[in-house]
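In what follows, a single structure is set out as structure tokens and then discussed.
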Amino acid sequence: MSDPGIFLPYQQDWINDESPLKIYEKGRREGVSWAEAYNSALCAAAAADAGGMSSYYLSYNKTMTKQFIQDCAFFAKILNSAVSEMQEIVIQNDKQDITMYRILFDSGFEIVGMPSDAYNLRSKQGRVIFDEAAFCDSFGEVLKAAKALIIWGGQVSVISTHNGEDNPFNLLIKDIRSGKEKGWSLHRTTFDEAIRQGLYKKICAKKGEKWTKAKEEKFIAEIREIYRDNIDEELNCIPRQSGDRYFGRGLLDMCTQPAVEIRRLNCSDAFLYKSEEEKDREIRRFFNIEVAPVLSSFENSLFFGQDFGRSGDLTTYWINEEVEKTSLAARLIIELHNVPFEQQQLFSDLLTGLLDSRHTLGGGALDARGNGQQIAEHAMLQHPGAVICVMESSAWYAKYGTDLHALLESTDFTIPDDDTVKGDFSIVTLKNGIPVIPPVRTGDRDGKGMRHGDAASAAMLSVAAWRECAADPAPVFASCERKNYWKW
């Protein structure tokens with residue numbers, strides 16, 4: 001049981017809920033994660049025969065994860081439970097380096113904070129806390145892995161503010177309310193409800209300040225000003241309407257093809273300082289083992305788009321096969337994170353060289369903005385007429401964003417069954433009637449890389465390559481002549 005002197009009613013309800021599956025839709029800054037830290041410390045401090053167990057906290061944000069473990073350590077001291085200092089651990093696996101935060105209790109149980117990846121839950125037993133789940137990659141995969149812990153008496157807690165009507169988090173809540181999804185305990189608290197239950201009074205008490213009605217009203221006004229552009233979603237638990245999104249979830253699901261291959265390469269920061277020979281060898285190994293066999297399995301023309309990124313955003317290649325003169329099927333998505341410029345140049349040469357040698361290079365469109373310009377220009381000069389350099393502009397997005405949408409509506413374009421990739425499409429919005437990728441980033445820089453609609457941009461570029469570089473172009477749009485040129 002929670003201490004009523006510490007927690008507000010809605011926080012107490014969450015802590016006292018022992019359901020194996022529970023989910024919380026909330027407004028910002030309500031202290032639900034803080035209450036969950038107490039709950040996790042309480043469980044980890046207890047002996048096994050008293051219901052004690054370890055807890056595993058997953059989030060998209062490294063700072064949030066570290067803070068949660070620190071809060072758990074704080075509550076452990078309040079509970080007079082012996083606990084170790086927080087440990088920062090870097091684990092290497094076959095996917096990437098993972099940073100985890102951990103505290104150990106005398107009971108033998110632990111609390112571990114880690115990136116939101118289903119892989120991290122392998123062989124775990126205990127409780128899973130999936131925080132700000134609506135902003136995490138691969139929601140479905142993580143939830144599926146987390147549910148496995150229930151078999152041995154564990155618990156799954158999902159906590160989040162909303163992130164769109166067609167986000168998997170909101171879709172799960174809708175299924176729970178409709179009765180389609182069974183066994184969940186659903187909690188919901190808006191920011192105004194939290195204030196009425198004493199949230200600001202608790203904030204004042206924690207800061208050692210005296211509460212007054214005037215100060216509370218000022219606090220409410222400040223919070224509303226911070227989230228003024230999206231108050232309903234951020235504070236009132238009302239997800240943003242899918243109409244704001246250019247590529248709705250229903251449209252994406254309609255065109256989903258499970259057979260699409262995805263290959264991801266994530267390089268550690270230390271990779272940059274290896275010798276050029278070592279770095280080139282790793283890129284060739286990745287290409288020869290992960291990429292070349294897939295590309296070599298196709299005989300029809302392949303068209304690709306490349307959206308460039310370095311240490312922040314990803315470099316994404318979207319490769320389609322022309323299955324009919326009026327349709328494209330996605331065959332391979334490649335994501336490169338934190339790959340140095342020279343090795344990105346090598347990868348581009350390997351990819352275009354293989355397609356050219358097999359006579360399957362129908363066309364390619366490369367992102368030529370900023371640091372991607374050199375790689376794009378080099379590819380264009382190596383494969384004149386078959387590769388174009390693109391400087392995306394409002395007019396370009398109006399043409400190819402609309403074109404891609406039309407292809408999806410007619411199911412003449414397929415996308416992979418991958419929540420991460422679909423999440424890139426979900427941030428594309430309409431502005432003055434033009435589809436644009438706003439300055440919104442998803443994902444964790446210390447995990448899978450900050451995403452900025454990379455897959456959606458690469459998909460549009462792949463359509464541009466198809467429309468403009470095909471020797472025998474698809475109808476409707478005029479194609480370009482096969483010559484070197486830049487597109488804006």
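Labeling convention for the structure tokens: chains A, B, ... as they appear, residues from 1 per chain, ligands from 1 in order of appearance.
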Strand (DSSP E or B) per DSSP on the backbone: members of stretch 29-239 of chain A, as a PyMOL selection string: chain A and resi 55-59+83+87-92+97-105+110-115+127-131+155-160+185-189
Expected answer as a ChimeraX atom specification: alpha helix (DSSP H) residues in stretch 79-157 of chain A: /A:139-147
Okay, now the selection with C-alpha atoms, as a PDB file, in the first residue's frame?
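Okay, out-v6.pdb is ready:
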```pdb
ATOM      1  CA  PHE A 139       5.267  -0.557 -29.553  1.00  0.00           C
ATOM      2  CA  GLY A 140       3.700  -3.869 -30.539  1.00  0.00           C
ATOM      3  CA  GLU A 141       6.931  -5.832 -30.380  1.00  0.00           C
ATOM      4  CA  VAL A 142       7.848  -4.482 -26.948  1.00  0.00           C
ATOM      5  CA  LEU A 143       4.364  -5.131 -25.579  1.00  0.00           C
ATOM      6  CA  LYS A 144       4.371  -8.681 -26.928  1.00  0.00           C
ATOM      7  CA  ALA A 145       7.728  -9.392 -25.271  1.00  0.00           C
ATOM      8  CA  ALA A 146       6.605  -7.769 -22.009  1.00  0.00           C
ATOM      9  CA  LYS A 147       3.437  -9.868 -21.780  1.00  0.00           C
TER      10      LYS A 147
END
```
A:Phe304 environment, 10 Å, only C-alpha atoms, sequence neighbours closer than 5 positions dropped, as number ranges by chain: A: 317-321, 330, 332-333, 352, 361-366, 387, 458-466
Between atom CA of A:Ala456 and atom CA of A:Arg285 - distance in Å to one decimal: 27.1 Å
Residue contacts of stretch 414-421 of chain A (10 Å, only C-alpha atoms) excluding same-chain residues fewer than 2 positions away, as number ranges by chain: A: 136-141, 167-168, 252-262, 318, 320, 327-333, 407-408, 411-412, 423-426, 442-443, 451, 453-456, 459
Using N, CA and C atoms, can you write the selected residues to a file as a short mmCIF file (atom, residue, chain, number, x, y, z; two decimals), in the first residue's frame?
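Result file again_30.cif:
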```
data_model
loop_
_atom_site.label_atom_id
_atom_site.label_comp_id
_atom_site.auth_asym_id
_atom_site.auth_seq_id
_atom_site.Cartn_x
_atom_site.Cartn_y
_atom_site.Cartn_z
N CYS A 136 7.52 5.52 -28.24
CA CYS A 136 8.56 4.50 -28.38
C CYS A 136 8.43 3.78 -29.72
N ASP A 137 9.57 3.35 -30.24
CA ASP A 137 9.57 2.56 -31.46
C ASP A 137 9.07 1.14 -31.15
N SER A 138 8.50 0.50 -32.14
CA SER A 138 8.12 -0.91 -32.06
C SER A 138 7.24 -1.19 -30.85
N PHE A 139 6.18 -0.40 -30.68
CA PHE A 139 5.27 -0.56 -29.55
C PHE A 139 4.75 -1.99 -29.44
N GLY A 140 4.28 -2.52 -30.56
CA GLY A 140 3.70 -3.87 -30.54
C GLY A 140 4.70 -4.94 -30.16
N GLU A 141 5.92 -4.82 -30.68
CA GLU A 141 6.93 -5.83 -30.38
C GLU A 141 7.33 -5.81 -28.91
N ASN A 167 -2.05 6.25 -33.21
CA ASN A 167 -0.86 5.69 -32.58
C ASN A 167 -1.22 4.35 -31.92
N PRO A 168 -0.32 3.36 -31.93
CA PRO A 168 -0.63 2.06 -31.33
C PRO A 168 -1.07 2.14 -29.87
N LEU A 252 -1.91 3.29 -44.11
CA LEU A 252 -0.66 2.54 -44.05
C LEU A 252 -0.92 1.05 -43.85
N ASP A 253 -1.85 0.73 -42.96
CA ASP A 253 -2.16 -0.68 -42.70
C ASP A 253 -2.72 -1.37 -43.94
N MET A 254 -3.47 -0.62 -44.73
CA MET A 254 -4.06 -1.19 -45.95
C MET A 254 -2.98 -1.61 -46.94
N CYS A 255 -1.83 -0.94 -46.91
CA CYS A 255 -0.77 -1.22 -47.88
C CYS A 255 0.41 -1.98 -47.27
N THR A 256 0.21 -2.53 -46.09
CA THR A 256 1.30 -3.24 -45.41
C THR A 256 1.59 -4.57 -46.06
N GLN A 257 2.88 -4.86 -46.24
CA GLN A 257 3.33 -6.13 -46.81
C GLN A 257 4.37 -6.73 -45.86
N PRO A 258 4.04 -7.82 -45.16
CA PRO A 258 4.96 -8.39 -44.17
C PRO A 258 6.28 -8.88 -44.75
N ALA A 259 6.34 -9.15 -46.04
CA ALA A 259 7.54 -9.75 -46.63
C ALA A 259 8.66 -8.75 -46.88
N VAL A 260 8.43 -7.47 -46.65
CA VAL A 260 9.46 -6.47 -46.92
C VAL A 260 10.64 -6.66 -45.95
N GLU A 261 11.84 -6.73 -46.50
CA GLU A 261 13.04 -6.93 -45.67
C GLU A 261 13.53 -5.58 -45.13
N ILE A 262 14.03 -5.60 -43.90
CA ILE A 262 14.61 -4.41 -43.27
C ILE A 262 15.98 -4.78 -42.73
N TRP A 318 15.27 3.34 -49.40
CA TRP A 318 13.99 2.67 -49.65
C TRP A 318 14.06 2.11 -51.07
N ASN A 320 12.42 -0.19 -54.07
CA ASN A 320 11.20 -0.78 -54.62
C ASN A 320 11.49 -1.59 -55.87
N SER A 327 2.77 0.25 -60.66
CA SER A 327 2.85 -0.02 -59.22
C SER A 327 4.26 -0.40 -58.79
N LEU A 328 4.55 -0.11 -57.53
CA LEU A 328 5.83 -0.43 -56.91
C LEU A 328 5.59 -1.27 -55.66
N ALA A 329 6.48 -2.20 -55.42
CA ALA A 329 6.43 -3.01 -54.20
C ALA A 329 7.73 -2.81 -53.43
N ALA A 330 7.62 -2.37 -52.19
CA ALA A 330 8.81 -2.21 -51.36
C ALA A 330 9.45 -3.58 -51.14
N ARG A 331 10.75 -3.67 -51.35
CA ARG A 331 11.47 -4.93 -51.19
C ARG A 331 12.52 -4.90 -50.09
N LEU A 332 13.14 -3.73 -49.91
CA LEU A 332 14.22 -3.66 -48.92
C LEU A 332 14.34 -2.23 -48.37
N ILE A 333 14.35 -2.11 -47.05
CA ILE A 333 14.61 -0.86 -46.37
C ILE A 333 15.94 -1.01 -45.64
N LEU A 407 -0.62 6.69 -54.66
CA LEU A 407 -0.21 5.30 -54.87
C LEU A 407 -0.66 4.41 -53.71
N LEU A 408 -0.58 4.93 -52.49
CA LEU A 408 -1.04 4.16 -51.33
C LEU A 408 -2.55 3.98 -51.37
N THR A 411 -3.41 1.29 -53.52
CA THR A 411 -2.64 0.09 -53.13
C THR A 411 -1.60 -0.28 -54.19
N ASP A 412 -1.03 0.73 -54.85
CA ASP A 412 0.02 0.50 -55.83
C ASP A 412 1.41 0.77 -55.26
N GLY A 423 5.92 4.85 -38.10
CA GLY A 423 6.01 6.05 -37.28
C GLY A 423 6.61 7.22 -38.02
N ASP A 424 7.53 6.95 -38.95
CA ASP A 424 8.10 8.02 -39.77
C ASP A 424 7.05 8.67 -40.66
N PHE A 425 6.12 7.87 -41.16
CA PHE A 425 5.04 8.40 -41.99
C PHE A 425 4.05 9.21 -41.15
N SER A 426 3.90 8.82 -39.89
CA SER A 426 2.85 9.42 -39.05
C SER A 426 3.11 10.88 -38.72
N THR A 442 11.63 11.57 -33.38
CA THR A 442 11.22 10.46 -32.54
C THR A 442 12.40 9.54 -32.36
N GLY A 443 12.33 8.69 -31.36
CA GLY A 443 13.42 7.74 -31.10
C GLY A 443 14.43 8.31 -30.13
N ARG A 451 15.02 9.90 -35.18
CA ARG A 451 14.36 9.77 -36.47
C ARG A 451 13.64 11.07 -36.80
N GLY A 453 11.29 11.40 -39.70
CA GLY A 453 10.52 11.03 -40.87
C GLY A 453 11.35 10.42 -41.97
N ASP A 454 12.49 9.79 -41.58
CA ASP A 454 13.47 9.34 -42.58
C ASP A 454 12.88 8.38 -43.61
N ALA A 455 12.12 7.40 -43.15
CA ALA A 455 11.57 6.42 -44.08
C ALA A 455 10.55 7.06 -45.03
N ALA A 456 9.75 7.99 -44.51
CA ALA A 456 8.76 8.66 -45.36
C ALA A 456 9.45 9.48 -46.45
N ALA A 459 10.88 7.13 -49.02
CA ALA A 459 9.82 6.57 -49.87
C ALA A 459 9.42 7.56 -50.96
#
```
Nearby residues (only C-alpha atoms) at most 10 Å from A:Asn120, same-chain spacing under 4 positions excluded, as a PyMOL selection string: chain A and resi 56+58+93+98+100+114-116+124+142+145-146
Write the residues of the preceding selection, restricted to N, CA and C atoms, as a PDB file, in the first residue's frame.
```
ATOM      1  N   TYR A  56      11.750  -3.751 -14.682  1.00  0.00           N
ATOM      2  CA  TYR A  56      12.503  -3.345 -15.867  1.00  0.00           C
ATOM      3  C   TYR A  56      11.763  -2.188 -16.527  1.00  0.00           C
ATOM      4  N   LEU A  58      11.391   0.654 -19.376  1.00  0.00           N
ATOM      5  CA  LEU A  58      11.727   0.927 -20.771  1.00  0.00           C
ATOM      6  C   LEU A  58      11.167   2.274 -21.182  1.00  0.00           C
ATOM      7  N   ASN A  93      25.643  -6.244 -27.844  1.00  0.00           N
ATOM      8  CA  ASN A  93      24.979  -7.425 -28.398  1.00  0.00           C
ATOM      9  C   ASN A  93      25.088  -7.381 -29.911  1.00  0.00           C
ATOM     10  N   ILE A  98      24.153  -1.035 -25.814  1.00  0.00           N
ATOM     11  CA  ILE A  98      22.993  -0.619 -25.032  1.00  0.00           C
ATOM     12  C   ILE A  98      23.467  -0.077 -23.692  1.00  0.00           C
ATOM     13  N   MET A 100      22.457   0.803 -19.944  1.00  0.00           N
ATOM     14  CA  MET A 100      21.450   0.483 -18.947  1.00  0.00           C
ATOM     15  C   MET A 100      21.849   1.105 -17.604  1.00  0.00           C
ATOM     16  N   MET A 114      16.331   0.766 -19.308  1.00  0.00           N
ATOM     17  CA  MET A 114      16.928   0.404 -20.588  1.00  0.00           C
ATOM     18  C   MET A 114      16.142   0.997 -21.747  1.00  0.00           C
ATOM     19  N   PRO A 115      16.723   1.021 -22.958  1.00  0.00           N
ATOM     20  CA  PRO A 115      15.987   1.505 -24.127  1.00  0.00           C
ATOM     21  C   PRO A 115      14.791   0.613 -24.442  1.00  0.00           C
ATOM     22  N   SER A 116      13.805   1.199 -25.112  1.00  0.00           N
ATOM     23  CA  SER A 116      12.566   0.484 -25.418  1.00  0.00           C
ATOM     24  C   SER A 116      12.738  -0.413 -26.636  1.00  0.00           C
ATOM     25  N   LYS A 124      14.099 -12.220 -19.076  1.00  0.00           N
ATOM     26  CA  LYS A 124      13.804 -11.463 -17.862  1.00  0.00           C
ATOM     27  C   LYS A 124      12.574 -12.040 -17.151  1.00  0.00           C
ATOM     28  N   VAL A 142       7.487  -4.602 -28.353  1.00  0.00           N
ATOM     29  CA  VAL A 142       7.848  -4.482 -26.948  1.00  0.00           C
ATOM     30  C   VAL A 142       6.740  -5.023 -26.063  1.00  0.00           C
ATOM     31  N   ALA A 145       6.652  -8.821 -26.084  1.00  0.00           N
ATOM     32  CA  ALA A 145       7.728  -9.392 -25.271  1.00  0.00           C
ATOM     33  C   ALA A 145       7.448  -9.211 -23.789  1.00  0.00           C
ATOM     34  N   ALA A 146       6.885  -8.053 -23.418  1.00  0.00           N
ATOM     35  CA  ALA A 146       6.605  -7.769 -22.009  1.00  0.00           C
ATOM     36  C   ALA A 146       5.538  -8.708 -21.457  1.00  0.00           C
TER      37      ALA A 146
END
```
Just want the 8 Å neighbourhood of A:Asp192, counted on only C-alpha atoms, with same-chain residues fewer than 3 positions away dropped. Output as a short mmCIF file (atom, residue, chain, number, x, y, z; two decimals) with all heavy atoms, in the first residue's frame.
```
data_model
loop_
_atom_site.label_atom_id
_atom_site.label_comp_id
_atom_site.auth_asym_id
_atom_site.auth_seq_id
_atom_site.Cartn_x
_atom_site.Cartn_y
_atom_site.Cartn_z
N ILE A 195 -4.70 18.53 -10.93
CA ILE A 195 -4.68 19.77 -10.14
C ILE A 195 -5.76 19.72 -9.07
O ILE A 195 -5.51 20.07 -7.90
CB ILE A 195 -4.88 20.99 -11.06
CG1 ILE A 195 -3.65 21.22 -11.96
CG2 ILE A 195 -5.18 22.24 -10.22
CD1 ILE A 195 -2.41 21.65 -11.22
N ARG A 196 -6.96 19.29 -9.43
CA ARG A 196 -8.06 19.23 -8.46
C ARG A 196 -7.75 18.27 -7.32
O ARG A 196 -8.23 18.46 -6.19
CB ARG A 196 -9.37 18.82 -9.16
CG ARG A 196 -9.98 19.93 -10.01
CD ARG A 196 -11.42 19.62 -10.36
NE ARG A 196 -11.53 18.49 -11.26
CZ ARG A 196 -11.51 18.58 -12.59
NH1 ARG A 196 -11.35 19.77 -13.17
NH2 ARG A 196 -11.64 17.52 -13.34
N LEU A 235 -2.43 17.68 -22.41
CA LEU A 235 -2.95 17.86 -21.05
C LEU A 235 -4.30 17.20 -20.79
O LEU A 235 -4.59 16.83 -19.65
CB LEU A 235 -3.07 19.36 -20.73
CG LEU A 235 -1.78 20.19 -20.83
CD1 LEU A 235 -2.07 21.64 -20.46
CD2 LEU A 235 -0.69 19.62 -19.95
N ASN A 236 -5.12 17.04 -21.84
CA ASN A 236 -6.50 16.59 -21.63
C ASN A 236 -6.76 15.15 -22.05
O ASN A 236 -7.92 14.72 -22.10
CB ASN A 236 -7.47 17.53 -22.38
CG ASN A 236 -7.37 18.95 -21.90
OD1 ASN A 236 -7.04 19.21 -20.74
ND2 ASN A 236 -7.66 19.91 -22.78
#
```
10 Å contact set for A:Phe286, only C-alpha atoms, chain neighbours under 4 positions out, as a VMD selection string: chain A and resid 263 to 265 280 to 282 290 to 292 347
